[in-house]
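Participant: My structure file my_file.txt, compact mmCIF, C-alpha atoms, is below:
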```txt
# COMPACT_ATOMS: atom_id res chain seq x y z
CA MET T 1 78.61 96.23 92.80
CA LYS T 2 76.19 96.10 95.74
CA LYS T 3 75.76 99.09 98.05
CA SER T 4 76.78 97.03 101.13
CA GLU T 5 80.00 95.92 99.40
CA ILE T 6 80.89 99.55 98.68
CA SER T 7 80.23 100.57 102.27
CA ASN T 8 82.30 97.61 103.59
CA LYS T 9 85.18 98.73 101.38
CA GLU T 10 85.06 102.13 103.04
CA LYS T 11 84.85 100.80 106.62
CA ILE T 12 88.28 100.58 108.20
CA GLY T 13 88.93 97.29 109.99
CA ARG T 14 86.65 95.25 107.70
CA PRO T 15 88.27 92.43 105.66
CA GLU T 16 86.94 94.10 102.48
CA TYR T 17 88.35 97.51 103.43
CA VAL T 18 90.34 99.27 100.71
CA ASN T 19 92.50 102.20 101.83
CA LYS T 20 91.76 104.86 99.21
CA TYR T 21 94.83 106.89 100.24
CA CYS T 22 97.31 104.05 99.52
CA TRP T 23 97.97 103.63 95.79
CA LEU T 24 99.21 100.05 96.34
CA VAL T 25 95.97 98.87 97.99
CA LYS T 26 93.90 100.97 95.58
CA THR T 27 95.60 99.37 92.57
CA LEU T 28 95.16 95.87 93.99
CA ASN T 29 91.59 96.69 95.14
CA TYR T 30 92.11 94.63 98.32
CA SER T 31 94.26 94.87 101.45
CA SER T 32 97.62 93.34 100.58
CA SER T 33 98.12 92.17 104.16
CA GLU T 34 96.13 92.03 107.37
CA ARG T 35 97.72 95.18 108.82
CA CYS T 36 96.53 97.19 105.78
CA ARG T 37 92.95 96.66 107.03
CA TYR T 38 93.66 99.00 109.95
CA CYS T 39 95.68 101.61 108.07
CA ASP T 40 94.48 104.80 106.39
CA SER T 41 97.79 106.49 105.68
CA LYS T 42 99.40 107.14 102.33
CA PHE T 43 101.86 104.67 100.82
CA ARG T 44 104.83 106.99 101.31
CA GLY T 45 104.03 106.95 105.05
CA CYS T 46 104.04 103.12 105.18
CA LEU T 47 106.54 102.05 107.83
CA PHE T 48 107.09 98.66 106.18
CA PHE T 49 107.99 100.27 102.88
CA GLN T 50 110.41 102.54 104.73
CA TYR T 51 111.91 99.52 106.52
CA MET T 52 112.36 97.69 103.20
CA THR T 53 114.04 100.66 101.51
CA ILE T 54 116.37 101.39 104.42
CA SER T 55 117.28 97.69 104.84
CA LEU T 56 118.06 97.18 101.15
CA ILE T 57 120.15 100.37 100.96
CA SER T 58 122.01 99.45 104.17
CA ILE T 59 122.75 95.90 102.94
CA PHE T 60 123.93 97.19 99.58
CA PHE T 61 126.14 99.76 101.35
CA ILE T 62 127.64 97.20 103.78
CA PHE T 63 128.32 94.62 101.06
CA SER T 64 129.83 97.24 98.70
CA LEU T 65 132.03 98.52 101.52
CA PHE T 66 133.35 95.03 102.24
CA ILE T 67 133.98 94.29 98.56
CA LEU T 68 135.82 97.60 98.15
CA ILE T 69 137.94 97.22 101.30
CA GLU T 70 138.49 93.45 101.52
CA GLY T 71 138.11 92.63 97.81
CA ARG T 72 135.68 89.82 98.73
CA LEU T 73 132.49 89.25 100.68
CA PRO T 74 133.02 86.96 103.70
CA LYS T 75 130.18 84.52 104.39
CA LEU T 76 130.15 85.51 108.06
CA VAL T 77 129.41 89.12 107.09
CA VAL T 78 126.58 88.03 104.79
CA PHE T 79 125.11 85.72 107.40
CA THR T 80 125.39 88.29 110.22
CA THR T 81 123.86 91.07 108.11
CA PHE T 82 120.98 88.84 107.05
CA VAL T 83 120.31 87.68 110.59
CA LEU T 84 120.39 91.27 111.89
CA VAL T 85 118.08 92.60 109.16
CA ILE T 86 115.62 89.74 109.45
CA VAL T 87 115.55 89.59 113.27
CA TYR T 88 115.16 93.36 113.46
CA GLY T 89 112.48 93.18 110.75
CA TYR T 90 110.59 90.48 112.63
CA PHE T 91 110.41 92.48 115.86
CA PHE T 92 109.73 95.68 113.89
CA SER T 93 106.87 93.96 112.09
CA GLU T 94 105.39 92.55 115.31
CA SER T 95 105.55 95.85 117.21
CA THR T 96 104.37 97.99 114.26
CA GLU T 97 101.39 95.73 113.65
CA LYS T 98 100.49 96.01 117.33
CA ILE T 99 100.79 99.82 117.14
CA ILE T 100 98.63 99.97 113.99
CA LYS T 101 95.97 97.77 115.62
CA ALA T 102 96.15 99.74 118.90
CA ASN T 103 95.71 103.01 116.99
CA PHE T 104 92.72 101.53 115.22
CA ALA T 105 91.22 100.30 118.51
CA GLN T 106 91.79 103.71 120.10
CA ARG T 107 90.12 105.46 117.18
CA THR T 108 87.19 103.04 117.23
CA ALA T 109 86.77 103.61 120.98
CA LYS T 110 86.95 107.38 120.46
CA GLU T 111 84.32 107.23 117.73
CA ALA T 112 82.07 105.06 119.91
CA LEU T 113 82.51 107.49 122.82
CA GLU T 114 81.67 110.46 120.59
CA LYS T 115 78.58 108.63 119.34
CA LEU T 116 77.53 107.85 122.90
CA THR T 117 78.09 111.45 124.01
CA LYS T 118 75.99 112.68 121.08
CA SER T 119 73.25 110.21 121.89
CA LEU T 120 73.28 111.23 125.58
CA GLU T 121 73.17 114.90 124.63
CA ASP T 122 70.18 114.21 122.39
CA GLN T 123 68.45 112.31 125.18
CA VAL T 124 69.11 115.10 127.70
CA GLU T 125 67.82 117.66 125.20
CA GLN T 126 64.66 115.62 124.59
CA LYS T 127 64.07 115.10 128.34
CA THR T 128 64.59 118.83 129.03
CA LYS T 129 62.09 119.64 126.29
CA ASP T 130 59.57 117.17 127.81
CA LEU T 131 60.12 118.61 131.28
CA LYS T 132 59.63 122.16 130.01
CA GLU T 133 56.40 121.14 128.30
CA ARG T 134 55.17 119.41 131.47
CA ALA T 135 56.10 122.42 133.62
CA GLU T 136 54.20 124.69 131.22
CA HIS T 137 51.20 122.39 131.35
CA LEU T 138 51.35 122.29 135.17
CA LYS T 139 51.55 126.04 135.31
CA LYS T 140 48.42 126.34 133.15
CA LEU T 141 46.63 123.80 135.36
CA LEU T 142 47.56 125.72 138.51
CA ILE T 143 46.23 128.97 137.03
CA MET T 144 43.04 127.20 135.95
CA ARG T 145 42.62 125.69 139.45
CA SER T 146 43.13 129.00 141.13
CA GLU T 147 40.56 130.64 138.78
CA PHE T 148 38.18 127.79 139.39
CA LEU T 149 38.55 128.05 143.17
CA ASP T 150 37.84 131.77 143.00
CA ILE T 151 34.64 131.15 141.03
CA ALA T 152 33.65 128.16 143.16
CA SER T 153 34.10 130.00 146.45
CA HIS T 154 31.92 132.82 145.09
CA GLN T 155 29.29 130.35 143.87
CA LEU T 156 29.33 128.51 147.20
CA LYS T 157 29.00 131.63 149.31
CA THR T 158 25.59 132.69 147.87
CA PRO T 159 23.54 129.54 148.66
CA VAL T 160 25.34 129.05 151.97
CA SER T 161 24.49 132.61 153.10
CA VAL T 162 20.83 132.12 152.07
CA ILE T 163 20.63 128.79 153.95
CA LEU T 164 22.34 130.33 157.01
CA GLY T 165 19.99 133.34 156.96
CA VAL T 166 16.83 131.26 156.75
CA ALA T 167 18.15 128.76 159.34
CA SER T 168 18.93 131.61 161.80
CA MET T 169 15.40 133.04 161.26
CA PHE T 170 13.98 129.61 162.16
CA LYS T 171 16.27 129.37 165.20
CA GLU T 172 15.30 132.80 166.54
CA GLY T 173 11.62 132.04 166.05
CA ASN T 174 11.02 134.84 163.51
CA MET T 175 9.37 132.38 161.13
CA ASP T 176 6.49 131.67 163.53
CA LYS T 177 5.10 135.21 162.94
CA LEU T 178 4.97 134.65 159.15
CA PRO T 179 2.02 133.03 157.40
CA LYS T 180 2.21 129.36 156.39
CA GLU T 181 2.66 130.09 152.61
CA GLN T 182 5.56 132.43 153.35
CA GLN T 183 7.27 129.81 155.57
CA LEU T 184 6.88 127.19 152.79
CA LYS T 185 8.36 129.63 150.31
CA PHE T 186 11.42 130.07 152.57
CA LEU T 187 11.77 126.27 153.02
CA ASP T 188 11.50 125.83 149.26
CA ASN T 189 14.22 128.44 148.85
CA ILE T 190 16.52 126.52 151.30
CA PHE T 191 15.83 123.29 149.36
CA HIS T 192 16.75 124.88 146.00
CA LYS T 193 19.87 126.49 147.43
CA ALA T 194 20.95 123.16 149.01
CA LYS T 195 20.40 121.47 145.61
CA LYS T 196 22.53 124.14 143.91
CA LEU T 197 25.18 123.58 146.59
CA SER T 198 25.16 119.86 145.85
CA VAL T 199 25.59 120.56 142.08
CA ILE T 200 28.54 122.93 142.79
CA THR T 201 30.15 120.34 145.11
CA ASP T 202 29.82 117.70 142.38
CA ASP T 203 31.45 120.08 139.89
CA ILE T 204 34.34 120.70 142.31
CA LEU T 205 34.83 116.96 142.79
CA ARG T 206 34.82 116.39 139.00
CA ALA T 207 37.26 119.24 138.49
CA SER T 208 39.52 117.78 141.20
CA GLU T 209 39.51 114.40 139.40
CA MET T 210 40.38 116.10 136.07
CA ASP T 211 43.19 117.97 137.78
CA THR T 212 44.68 114.73 139.15
CA ASP T 213 44.45 113.08 135.68
CA GLY T 214 46.17 116.08 134.12
CA LEU T 215 49.05 115.83 136.59
CA ASP T 216 49.58 112.16 135.85
CA MET K 1 91.29 89.71 87.93
CA ARG K 2 90.67 86.26 89.43
CA GLN K 3 91.06 86.26 93.17
CA CYS K 4 91.59 83.40 95.59
CA VAL K 5 91.51 83.00 99.36
CA ILE K 6 94.70 81.75 100.95
CA TYR K 7 96.26 81.56 104.39
CA ASP K 8 98.63 84.51 104.70
CA SER K 9 100.72 82.90 107.43
CA SER K 10 101.11 79.69 105.36
CA LEU K 11 102.25 81.77 102.38
CA LYS K 12 104.75 83.60 104.57
CA PHE K 13 105.96 80.30 105.99
CA SER K 14 106.49 78.95 102.48
CA LYS K 15 108.51 82.03 101.48
CA ALA K 16 110.58 81.86 104.68
CA VAL K 17 111.38 78.19 103.99
CA TYR K 18 112.52 79.01 100.44
CA GLY K 19 114.56 81.93 101.79
CA ILE K 20 116.31 79.77 104.39
CA LEU K 21 116.99 77.11 101.74
CA ALA K 22 118.43 79.71 99.34
CA LEU K 23 120.64 81.13 102.11
CA THR K 24 121.77 77.61 103.01
CA ALA K 25 122.57 76.97 99.33
CA PHE K 26 124.72 80.10 99.29
CA LEU K 27 126.49 79.26 102.55
CA ILE K 28 127.30 75.66 101.54
CA GLN K 29 127.80 76.73 97.87
CA ASN K 30 125.47 73.99 96.57
CA TYR K 31 123.92 74.83 93.20
CA TRP K 32 121.75 71.70 93.15
CA LEU K 33 119.85 73.08 96.10
CA VAL K 34 119.39 76.27 94.06
CA LEU K 35 117.90 74.15 91.27
CA VAL K 36 115.52 72.41 93.69
CA ILE K 37 114.27 75.73 95.09
CA SER K 38 113.88 77.28 91.65
CA VAL K 39 111.94 74.25 90.34
CA LEU K 40 109.66 74.28 93.40
CA MET K 41 109.00 77.98 92.90
CA ILE K 42 108.46 77.76 89.16
CA VAL K 43 105.96 74.93 89.68
CA GLU K 44 104.07 77.26 92.03
CA ILE K 45 103.44 79.62 89.10
CA ILE K 46 100.77 77.20 87.91
CA SER K 47 98.98 77.23 91.28
CA ILE K 48 99.74 77.88 94.93
CA LYS K 49 98.16 74.48 95.57
CA LEU K 50 101.38 72.91 94.26
CA SER K 51 103.50 74.50 96.99
CA LEU K 52 104.81 71.90 99.42
CA PRO K 53 105.76 74.24 102.33
CA TYR K 54 102.38 76.01 102.01
CA TYR K 55 100.52 72.74 102.37
CA LEU K 56 102.80 71.52 105.13
CA HIS K 57 101.95 74.64 107.13
CA SER K 58 98.24 74.92 106.31
CA LEU K 59 97.54 71.23 106.93
CA TYR K 60 99.85 70.22 109.75
CA LEU K 61 101.71 73.13 111.32
CA LYS K 62 98.61 75.33 111.70
CA LYS K 63 97.77 73.38 114.87
CA PHE K 64 100.71 75.11 116.53
CA PHE K 65 99.49 78.59 115.51
CA PRO K 66 95.70 78.42 116.04
CA GLY K 67 94.99 82.14 116.37
CA ARG K 68 97.17 83.30 113.52
CA LEU K 69 95.76 81.35 110.58
CA ARG K 70 93.48 83.85 108.89
CA PRO K 71 92.43 83.62 105.25
CA VAL K 72 93.16 86.62 103.01
CA ARG K 73 92.21 87.51 99.46
CA LYS K 74 94.93 87.58 96.82
CA GLU K 75 94.98 87.76 93.08
CA SER K 76 96.10 84.49 91.52
CA ALA K 77 98.17 86.51 89.04
CA GLU K 78 100.02 88.22 91.92
CA LEU K 79 100.94 84.87 93.49
CA SER K 80 102.14 83.49 90.15
CA PHE K 81 104.09 86.67 89.40
CA VAL K 82 105.83 86.56 92.80
CA CYS K 83 106.81 82.90 92.30
CA GLY K 84 108.01 83.60 88.79
CA LEU K 85 110.02 86.63 89.83
CA ALA K 86 111.74 84.69 92.62
CA GLY K 87 112.08 81.37 90.79
CA SER K 88 113.45 82.53 87.45
CA PRO K 89 116.58 84.35 88.81
CA LEU K 90 117.33 81.26 90.88
CA PHE K 91 116.98 79.12 87.77
CA ILE K 92 119.28 81.45 85.83
CA SER K 93 121.74 81.37 88.74
CA PHE K 94 121.76 77.57 88.64
CA PHE K 95 122.60 77.55 84.92
CA LEU K 96 125.38 80.10 85.40
CA LEU K 97 126.80 78.08 88.28
CA TYR K 98 126.43 74.77 86.44
CA PHE K 99 128.28 76.07 83.37
CA ASN K 100 130.71 77.91 85.61
CA LYS K 101 130.03 81.34 84.09
CA PHE K 102 129.80 84.56 86.17
CA THR K 103 129.72 82.53 89.39
CA ALA K 104 130.16 85.58 91.65
CA PHE K 105 127.19 87.25 89.98
CA ALA K 106 125.15 84.05 90.23
CA TRP K 107 125.81 83.62 93.95
CA GLY K 108 125.05 87.31 94.45
CA LEU K 109 121.73 86.79 92.75
CA VAL K 110 120.99 83.80 94.98
CA LEU K 111 121.89 85.95 97.99
CA VAL K 112 119.59 88.80 96.95
CA ILE K 113 116.70 86.41 96.31
CA ALA K 114 117.30 84.72 99.68
CA LEU K 115 117.17 88.07 101.43
CA LEU K 116 114.01 89.16 99.63
CA LEU K 117 112.32 85.83 100.35
CA LEU K 118 113.26 86.04 104.03
CA MET K 119 112.02 89.62 104.21
CA SER K 120 108.77 88.61 102.60
CA GLY K 121 108.35 85.52 104.77
CA ILE K 122 109.42 86.84 108.15
CA VAL K 123 108.81 90.59 107.99
CA GLY K 124 105.89 90.57 105.55
CA VAL K 125 107.40 93.03 103.06
CA CYS K 126 107.30 91.58 99.56
CA VAL K 127 109.31 93.36 96.86
CA ALA K 128 107.87 91.07 94.15
CA SER K 129 104.30 92.02 95.15
CA LEU K 130 105.28 95.66 95.01
CA THR K 131 106.77 95.10 91.54
CA TYR K 132 103.54 93.38 90.48
CA VAL K 133 101.49 96.39 91.63
CA ILE K 134 103.84 98.77 89.81
CA PHE K 135 103.44 96.73 86.60
CA LYS K 136 99.69 96.60 87.12
CA LYS K 137 99.59 100.36 87.52
CA ILE K 138 101.82 100.98 84.48
CA PHE K 139 99.99 98.60 82.15
CA ARG K 140 96.56 99.28 83.75
CA VAL K 141 95.68 95.57 83.89
```
Can the structure in the file be given as structure tokens, please?

Facilitator:
Amino acid sequence: MKKSEISNKEKIGRPEYVNKYCWLVKTLNYSSSERCRYCDSKFRGCLFFQYMTISLISIFFIFSLFILIEGRLPKLVVFTTFVLVIVYGYFFSESTEKIIKANFAQRTAKEALEKLTKSLEDQVEQKTKDLKERAEHLKKLLIMRSEFLDIASHQLKTPVSVILGVASMFKEGNMDKLPKEQQLKFLDNIFHKAKKLSVITDDILRASEMDTDGLD
Amino acid sequence: MRQCVIYDSSLKFSKAVYGILALTAFLIQNYWLVLVISVLMIVEIISIKLSLPYYLHSLYLKKFFPGRLRPVRKESAELSFVCGLAGSPLFISFFLLYFNKFTAFAWGLVLVIALLLLMSGIVGVCVASLTYVIFKKIFRV
């Protein structure tokens, strides 16, 4: 037997479903009627079996009573009893089948809801995990940025103070007293410091770009 | 066991028709009608395809019950057993009535069969099917 056939036999509601708790269905190896497809109770709990037993006992009791009292069985009694049993049975069958199907539908809906809840819980758990990871990453980035800014501000301060110092010397006219070679040396120093400043600025810009990428 | 696919509602209709006929036979005390029913049922032992009420329902009356005609799986042996179990007591009843022996018993038998057929046809509770399963379980067929 194929694996799919076995699983269909275990799935309640399927046409191939076999109720393993009911000895009648288990012996037949198929659902004896449509309502048995939605049932998973034992045979002794079968409402139709109970109806059949009670009806047969009641009919036997009524007929025996009439034969004992009247000495005969009037046709009207037979007809009335039959009509009552069958009409009651018909409505009993209709309503019980509806109840069995409604129970099945309720259970299916409950199972689907449980499945959905489980799936939502899993999704929430996964999203929380992702968010935690992102928050951790962001925290690391913020620490790195703060460290970088500390270093950068220190690195920036040195060339800027040199440039400012030399520029103020030029402004105040102190440079005029120095020989030409010394003045050129100072200008060369300003040039180098400005170059270093440009390199540091580029580094900051690159770091800023990396930071933005990391956040995305 | 060989299985076949049949219309459950058509099968129930056929049993209900036989049940009503058997009850009518009892009420009008007509043993020829008992013979007709028993012959029709005994013929069905060979195959359900030979059942007139079944075909009447599945071919023509199904138009009136479009949503309710669903095919179900049944063992051919179960169908034959049910027909045999219902048909043979009716046949015996006819012989008893024809030869005027144990007439009260014979009509009682017709009455019981009519009730069981009506229960099977209208309510969907078949004593003969239950008996078949019991035999199947006992003899492990």

Participant: Measuring atom to atom with only C-alpha atoms, identify which of T:Phe104, T:Phe148, T:Tyr17, T:Phe91 is nearest to chain K.

Facilitator: T:Phe91

Participant: Compare T:Ile86, T:Val77, T:Val162, T:Ile67 by their minimum atom-to-atom distance to chain K, counting only C-alpha atoms, and give me the closest one.

Facilitator: T:Ile86

Participant: Which residues come within 10 Å of range 72-74 of chain T, counting only C-alpha atoms, excluding same-chain residues fewer than 4 positions away, as a PyMOL selection string?

Facilitator: (chain T and resi 62-68+78-79) or (chain K and resi 104+108)

Participant: Out of T:Lys75, T:Cys39, T:Glu133, T:Ile151, which residue has the shortest atom-to-atom distance to Gln29 in chain K when counting all atoms listed in the file?

Facilitator: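 For Gln29 in chain K, the nearest of the given residues is T:Lys75.
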
Participant: Within 6 Å of chain K, which residues of chain T show up? Give each one with its shortest atom-to-atom distance in Å (one decimal) and the two atoms involved, counting all atoms listed in the file, rows by chain then rising residue number, as JSON lines.

Facilitator:
```
{"residue": "T:Gly89", "atom": "CA", "partner": "K:Val123", "partner_atom": "CA", "distance": 5.3}
{"residue": "T:Tyr90", "atom": "CA", "partner": "K:Val123", "partner_atom": "CA", "distance": 5.0}
{"residue": "T:Ser93", "atom": "CA", "partner": "K:Val123", "partner_atom": "CA", "distance": 5.7}
```

Participant: Find the residues around Arg107 in chain T up to 12 Å (only C-alpha atoms counted), leave out those fewer than 4 positions away in its own chain, and share them as a tab-separated table (two decimals) with C-alpha atoms, in the frame of the given file.

Facilitator:
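As a result, part_8.tsv now contains:
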```
chain	number	residue	atom	x	y	z
T	12	ILE	CA	88.28	100.58	108.20
T	13	GLY	CA	88.93	97.29	109.99
T	38	TYR	CA	93.66	99.00	109.95
T	39	CYS	CA	95.68	101.61	108.07
T	40	ASP	CA	94.48	104.80	106.39
T	100	ILE	CA	98.63	99.97	113.99
T	101	LYS	CA	95.97	97.77	115.62
T	102	ALA	CA	96.15	99.74	118.90
T	103	ASN	CA	95.71	103.01	116.99
T	111	GLU	CA	84.32	107.23	117.73
T	112	ALA	CA	82.07	105.06	119.91
T	113	LEU	CA	82.51	107.49	122.82
T	114	GLU	CA	81.67	110.46	120.59
```

Participant: Using all atoms listed in the file, can you tell me which of K:Phe64, K:Phe139, K:Trp107, K:Tyr31 comes closest to Phe94 in chain K?

Facilitator: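 Checking each candidate against Phe94 in chain K, we get K:Tyr31 as the closest.
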
Participant: Have a look at T:Ile190, T:Pro15, T:Thr108, T:Glu209 and name the one nearest to Arg145 in chain T; count all atoms listed in the file.

Facilitator: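 Distance minimum relative to Arg145 in chain T lands on T:Glu209.
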
Participant: One number please: CA of Phe99 in chain K to CA of Val39 in chain K, in Å, one decimal.

Facilitator: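 It comes out at 17.9 Å.
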
Participant: What lies within 7 Å of Phe13 in chain K using all atoms listed in the file, ignoring chain neighbours under 4 positions off, as a ChimeraX atom specification?

Facilitator: /K:9,17,54,121

Participant: Show which residues sit within 12 Å of Phe191 in chain T, as a PyMOL selection string. Count all atoms listed in the file, and ignore same-chain residues fewer than 3 positions away.

Facilitator: chain T and resi 159-160+162-163+166-167+184-188+194-198

Participant: Excluding same-chain residues fewer than 5 positions from Tyr21 in chain T, what lies within 8 Å of it counting all atoms listed in the file, as a ChimeraX atom specification?

Facilitator: /T:26,40-43

Participant: Using only C-alpha atoms, which residue out of K:Leu117, K:Ala128, K:Val82, K:Cys4 lies closest to Ile45 in chain K?

Facilitator: K:Val82

Participant: Work out how far CA of Cys22 in chain T is from CA of Arg37 in chain T, in Å to one decimal.

Facilitator: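 Value for the CA of Arg37 in chain T-CA of Cys22 in chain T distance: 11.4 Å.
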
Participant: Please compute the CA of Ser88 in chain K-CA of Val85 in chain T distance, one decimal, in Å.

Facilitator: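 So the two atoms, CA of Ser88 in chain K and CA of Val85 in chain T, lie 24.4 Å apart.
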
Participant: Complete range 94-113 of chain K at the level of N, CA and C atoms, written as a CSV table (one decimal), keeping the file's coordinate frame.

Facilitator:
```csv
chain,number,residue,atom,x,y,z
K,94,PHE,N,121.3,79.0,88.7
K,94,PHE,CA,121.8,77.6,88.6
K,94,PHE,C,122.5,77.3,87.3
K,95,PHE,N,122.0,77.8,86.2
K,95,PHE,CA,122.6,77.6,84.9
K,95,PHE,C,124.0,78.2,84.9
K,96,LEU,N,124.1,79.4,85.4
K,96,LEU,CA,125.4,80.1,85.4
K,96,LEU,C,126.4,79.3,86.2
K,97,LEU,N,125.9,78.8,87.4
K,97,LEU,CA,126.8,78.1,88.3
K,97,LEU,C,127.2,76.7,87.7
K,98,TYR,N,126.2,76.1,87.0
K,98,TYR,CA,126.4,74.8,86.4
K,98,TYR,C,127.5,74.9,85.3
K,99,PHE,N,127.3,75.9,84.5
K,99,PHE,CA,128.3,76.1,83.4
K,99,PHE,C,129.5,76.9,83.7
K,100,ASN,N,129.6,77.2,85.0
K,100,ASN,CA,130.7,77.9,85.6
K,100,ASN,C,131.0,79.3,84.9
K,101,LYS,N,129.9,80.0,84.7
K,101,LYS,CA,130.0,81.3,84.1
K,101,LYS,C,129.5,82.4,85.1
K,102,PHE,N,130.2,83.5,85.2
K,102,PHE,CA,129.8,84.6,86.2
K,102,PHE,C,129.3,84.0,87.5
K,103,THR,N,130.1,83.2,88.1
K,103,THR,CA,129.7,82.5,89.4
K,103,THR,C,129.5,83.5,90.5
K,104,ALA,N,130.3,84.6,90.6
K,104,ALA,CA,130.2,85.6,91.6
K,104,ALA,C,128.8,86.3,91.5
K,105,PHE,N,128.5,86.6,90.3
K,105,PHE,CA,127.2,87.2,90.0
K,105,PHE,C,126.0,86.3,90.3
K,106,ALA,N,126.2,85.0,90.0
K,106,ALA,CA,125.2,84.0,90.2
K,106,ALA,C,124.9,83.9,91.7
K,107,TRP,N,126.0,83.8,92.5
K,107,TRP,CA,125.8,83.6,94.0
K,107,TRP,C,125.2,84.9,94.6
K,108,GLY,N,125.6,86.0,94.0
K,108,GLY,CA,125.0,87.3,94.4
K,108,GLY,C,123.6,87.4,94.2
K,109,LEU,N,123.2,86.8,93.1
K,109,LEU,CA,121.7,86.8,92.8
K,109,LEU,C,121.0,85.9,93.7
K,110,VAL,N,121.6,84.7,94.0
K,110,VAL,CA,121.0,83.8,95.0
K,110,VAL,C,120.8,84.5,96.3
K,111,LEU,N,121.9,85.2,96.7
K,111,LEU,CA,121.9,86.0,98.0
K,111,LEU,C,120.8,87.0,98.1
K,112,VAL,N,120.6,87.8,97.0
K,112,VAL,CA,119.6,88.8,97.0
K,112,VAL,C,118.2,88.2,97.1
K,113,ILE,N,118.0,87.1,96.3
K,113,ILE,CA,116.7,86.4,96.3
K,113,ILE,C,116.4,85.8,97.7
```
